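Participant: This is the structure I have questions about; it appears just below.
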Amino acid sequence: MGNGDGRRKEVIAIIGGGISGLLACKYAISKGFDPIVFESESSIGGVWSKTIESTKLQTPKPLYQFSDFPWPDSVTEVFPDQHTVLEYIESYARHFDLVRHIQFNNKVLSLSYEGDGDSSTGEWMSNGKWNVTVQHTPTLSIKVYQVDYVVVCVGKFSQVPNIPEFPENKGPEAFEGKVIHSMDYSKMDSTTATDFVKGKHVAVVGFQKSGLDIAMESSTVNGIERPCTVIIRTPHWNVPDYFPWGFPMAKLYLNRFSELTVHKPGEGLLLYLIATILSPLRWGFSKFVESYIKHKLRLSKHGMVPDHSFLNELSACLISTVPQGFYDRVEEGRLKLKKAKSFGFTKQGIVLEGQAEPIKSDLVILATGFKGIDKLKHIFESPKYQQLIAGSDDSAAVPLYRECIHPQIPQLAIIGFSESIANLYTSEIRCRWLAELLDGKFKLPSVKMMEKDIAEWDKYKKRYSKKYYRKSCIGALHIWHNDQLCKDMGWNPKRKKGLWAEWFEPYGPMDYTGPI
């Protein structure tokens, strides 16, 4: 329904002013809504507004851009740095006049639903209302907004750090030095971070992107005199670049042909047989990339060859780019790699499982990730909704239909929590899908059908992501996922011109500029 000026009377609240929140806002506006965006910080950009100084884009630039707002020609780097990425996001928000919809320094404390809609009947589009309790952080004043729809875009890489559990008397309290989480390090500017690690024996726990970047920064500051120790529980197939043996990785994993080698959610007999027949090729692709990474980074020499396959890594969205020169610094002695399944603290530093001698440390930085599910579920007042969001131990982490909505939580969407190999690109098409749904262009199936679809995707995640399946990642099937969204919206899922291009050219954001 409209207000006579082209605007709709339904109110949409969007939680978070990161990439997904901005996209949700932009596409809601395109359908005549006047959304309110609640952002807890004083600026937009999400994780890009406060991250480690040396961090660069992990995805090649062509895969990480808005479909209707390409990177400017002045940005020539394939992997732009943090400041360049943030400038790009800010210019997008200015270009589409999104900032006027954002209420900065407004933290959403809780969500509660009131209404007579019974979501078990399949009525996601119900007649209830969401009460959004918001705190204005500078004044601590609290206000409750009543809205028709909520789009949660809080992401999973912030606010609630994942702190390892330690045996009694072996936690940080036993340590005479300082222990912080990478989240706190990321908030420091370059000068503060340099001064913080300077002259200290630093140990970094974790081997994903934050851990790699912090270790590099520490080794730059302290050199060989005070080498930085990196504690690694699980080695990963972190990539030196995206051209294994000179061949574009996108042509191995980001085209339709590559997805034929993978068993898909809801596949028919023909696709099942094709994936089964092509399984040796799937194995070959993975071994091809692994052989290059092992050679380029000299992983065998350093005892850092993972036990799992590259396909498992990709399917769990765990791919990180190794900072240039990382293993050179290991050989120089500026970085030391230590593998251990667990560790504890003593007065002097860290003690690894199976070792008596502690690693002398003055500062320990825990790059151990975040408890994204905890952050997400605790935004709901209802214990029932908290339980629905968390899922069960043997189900998907956050069981979402089309990776966007929970069938039993009416009038609410979650965008940007489920990952892909290029999150901006995936969030954009999901926001378009949600906007078309709210505009009445298509209807959702029954709860039973949606839950069946979720279960099929859960089966895929367990098969290919192995122990990491609860990370909510569509991994190596982003085209198959986008095809489903396109069909729902009435778009042609085949986006390229010509048979060869359709099957063998990589898919990216510019293939989804609009219906064709």
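If you're wondering about the labels, chains in the structure tokens are A, B, ... by order shown, residues count from 1 in each chain, ligands from 1 in order shown.
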What's the 7 Å shell around region 368-383 of chain A, counting only C-alpha atoms, without same-chain residues fewer than 5 positions away, as a ChimeraX atom specification?

Facilitator: /A:109-112,156-158,160-163,205-206,389-390

Participant: Let me see the file: selected residues, N, CA and C atoms, as a PDB file, in the first residue's frame.

Facilitator:
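The result, written out as selection-v2.pdb:
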```pdb
ATOM      1  N   LEU A 109      18.973  -3.279  20.728  1.00  0.00           N
ATOM      2  CA  LEU A 109      19.146  -4.122  21.908  1.00  0.00           C
ATOM      3  C   LEU A 109      18.349  -5.409  21.808  1.00  0.00           C
ATOM      4  N   SER A 110      17.145  -5.324  21.224  1.00  0.00           N
ATOM      5  CA  SER A 110      16.319  -6.524  21.162  1.00  0.00           C
ATOM      6  C   SER A 110      15.221  -6.389  20.115  1.00  0.00           C
ATOM      7  N   LEU A 111      14.702  -7.550  19.718  1.00  0.00           N
ATOM      8  CA  LEU A 111      13.573  -7.636  18.796  1.00  0.00           C
ATOM      9  C   LEU A 111      12.497  -8.510  19.439  1.00  0.00           C
ATOM     10  N   SER A 112      11.265  -8.041  19.397  1.00  0.00           N
ATOM     11  CA  SER A 112      10.157  -8.870  19.873  1.00  0.00           C
ATOM     12  C   SER A 112       9.009  -8.762  18.890  1.00  0.00           C
ATOM     13  N   LYS A 156      28.721 -11.713  10.979  1.00  0.00           N
ATOM     14  CA  LYS A 156      29.170 -12.672  11.990  1.00  0.00           C
ATOM     15  C   LYS A 156      30.589 -12.401  12.468  1.00  0.00           C
ATOM     16  N   PHE A 157      31.246 -11.354  11.914  1.00  0.00           N
ATOM     17  CA  PHE A 157      32.660 -11.139  12.232  1.00  0.00           C
ATOM     18  C   PHE A 157      32.867  -9.876  13.060  1.00  0.00           C
ATOM     19  N   SER A 158      32.098  -9.755  14.143  1.00  0.00           N
ATOM     20  CA  SER A 158      32.267  -8.587  15.009  1.00  0.00           C
ATOM     21  C   SER A 158      31.548  -8.813  16.332  1.00  0.00           C
ATOM     22  N   VAL A 160      31.052 -10.170  19.203  1.00  0.00           N
ATOM     23  CA  VAL A 160      31.088 -11.262  20.193  1.00  0.00           C
ATOM     24  C   VAL A 160      32.279 -12.165  19.895  1.00  0.00           C
ATOM     25  N   PRO A 161      33.416 -11.915  20.527  1.00  0.00           N
ATOM     26  CA  PRO A 161      34.618 -12.700  20.219  1.00  0.00           C
ATOM     27  C   PRO A 161      34.507 -14.134  20.706  1.00  0.00           C
ATOM     28  N   ASN A 162      35.138 -15.017  19.966  1.00  0.00           N
ATOM     29  CA  ASN A 162      35.220 -16.425  20.365  1.00  0.00           C
ATOM     30  C   ASN A 162      36.495 -16.615  21.182  1.00  0.00           C
ATOM     31  N   ILE A 163      36.340 -16.771  22.474  1.00  0.00           N
ATOM     32  CA  ILE A 163      37.487 -16.947  23.374  1.00  0.00           C
ATOM     33  C   ILE A 163      37.599 -18.432  23.716  1.00  0.00           C
ATOM     34  N   VAL A 205      47.386 -16.358  18.128  1.00  0.00           N
ATOM     35  CA  VAL A 205      46.686 -17.645  18.089  1.00  0.00           C
ATOM     36  C   VAL A 205      45.655 -17.597  16.956  1.00  0.00           C
ATOM     37  N   GLY A 206      45.859 -18.421  15.930  1.00  0.00           N
ATOM     38  CA  GLY A 206      44.923 -18.446  14.810  1.00  0.00           C
ATOM     39  C   GLY A 206      45.635 -18.313  13.480  1.00  0.00           C
ATOM     40  N   ILE A 389      16.865 -19.936  15.567  1.00  0.00           N
ATOM     41  CA  ILE A 389      18.035 -19.360  14.900  1.00  0.00           C
ATOM     42  C   ILE A 389      19.269 -20.222  15.119  1.00  0.00           C
ATOM     43  N   ALA A 390      19.449 -20.691  16.338  1.00  0.00           N
ATOM     44  CA  ALA A 390      20.663 -21.453  16.656  1.00  0.00           C
ATOM     45  C   ALA A 390      20.694 -22.797  15.948  1.00  0.00           C
TER      46      ALA A 390
END
```

Participant: If we count only C-alpha atoms, what is near region 85-94 of chain A at a cut-off of 9 Å, once residues fewer than 5 positions away on the same chain are taken out, given as a PyMOL selection string?

Facilitator: chain A and resi 18-19+22+26+44-45+48-49+56-57+65-66+69+71-72+80+99

Participant: How close does each residue of region 51-79 of chain A get to region 223-245 of chain A, giving the shortest atom pair and distance in Å to one decimal for every residue with an atom at most 10 Å away, counting only C-alpha atoms, sorted by chain and residue number, as a Markdown table?

Facilitator:
```
| residue | atom | partner | partner_atom | distance |
| --- | --- | --- | --- | --- |
| A:Gln58 | CA | A:Asp241 | CA | 9.9 |
| A:Thr59 | CA | A:Tyr242 | CA | 9.1 |
| A:Pro60 | CA | A:Tyr242 | CA | 8.2 |
```

Participant: DSSP on the backbone: what in region 1-102 of chain A comes out helix (DSSP H, G or I), as a count of residues only?

Facilitator: 36

Participant: I need the residue nearest Ser286 (chain A) from this list: A:Tyr507, A:Phe310, A:Trp457, A:Phe417. Use only C-alpha atoms for the distance.

Facilitator: A:Phe310

Participant: What does the structure give for the distance between CA of Gly440 (chain A) and CA of Val150 (chain A), in Å to one decimal?

Facilitator: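 Computing the Euclidean distance for CA of Gly440 (chain A) and CA of Val150 (chain A) yields 16.5 Å.
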
Participant: Smallest atom-to-atom distance to Ala215 (chain A): which of A:Phe96, A:Leu254, A:Ser446, A:Leu363, using only C-alpha atoms?

Facilitator: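 Between A:Phe96, A:Leu254, A:Ser446, A:Leu363, the residue approaching Ala215 (chain A) most closely is A:Leu363.
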
Participant: Under the rule that only C-alpha atoms are counted, which of A:Gln411, A:Asn492, A:Ser342, A:Asn423 is the nearest residue to Trp130 (chain A)?

Facilitator: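 With only C-alpha atoms as the atom set, the closest residue is A:Gln411.
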
Participant: A:Ser472, A:Ser418, A:Ser40, A:Ser361: which is nearest Gln103 (chain A), counting only C-alpha atoms?

Facilitator: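 The shortest atom-to-atom distance to Gln103 (chain A) comes from A:Ser40.
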
Participant: Please provide as a ChimeraX atom specification all residues within 10 Å of Pro70 (chain A), with the sequence filter that same-chain residues fewer than 6 positions apart are discarded (counting only C-alpha atoms).

Facilitator: /A:61-62,64,88,92,509-510

Participant: Got time to write the residues from that selection, N, CA and C atoms, as a PDB file, in the first residue's frame?

Facilitator:
```
ATOM      1  N   LYS A  61      39.011  -8.088  -7.134  1.00  0.00           N
ATOM      2  CA  LYS A  61      38.119  -6.928  -7.256  1.00  0.00           C
ATOM      3  C   LYS A  61      36.914  -7.142  -8.189  1.00  0.00           C
ATOM      4  N   PRO A  62      37.071  -7.778  -9.367  1.00  0.00           N
ATOM      5  CA  PRO A  62      35.900  -7.960 -10.247  1.00  0.00           C
ATOM      6  C   PRO A  62      34.765  -8.763  -9.613  1.00  0.00           C
ATOM      7  N   TYR A  64      34.073  -8.558  -6.375  1.00  0.00           N
ATOM      8  CA  TYR A  64      33.635  -7.837  -5.178  1.00  0.00           C
ATOM      9  C   TYR A  64      33.263  -6.414  -5.574  1.00  0.00           C
ATOM     10  N   TYR A  88      35.146   3.062  -1.467  1.00  0.00           N
ATOM     11  CA  TYR A  88      34.231   2.543  -2.493  1.00  0.00           C
ATOM     12  C   TYR A  88      32.827   2.344  -1.903  1.00  0.00           C
ATOM     13  N   TYR A  92      29.361   4.486  -2.820  1.00  0.00           N
ATOM     14  CA  TYR A  92      28.119   3.805  -3.204  1.00  0.00           C
ATOM     15  C   TYR A  92      26.946   4.368  -2.398  1.00  0.00           C
ATOM     16  N   PRO A 509      29.410 -10.516 -10.384  1.00  0.00           N
ATOM     17  CA  PRO A 509      28.339  -9.550 -10.101  1.00  0.00           C
ATOM     18  C   PRO A 509      27.716  -8.928 -11.345  1.00  0.00           C
ATOM     19  N   MET A 510      28.524  -8.662 -12.354  1.00  0.00           N
ATOM     20  CA  MET A 510      28.008  -7.976 -13.538  1.00  0.00           C
ATOM     21  C   MET A 510      27.100  -8.864 -14.396  1.00  0.00           C
TER      22      MET A 510
END
```
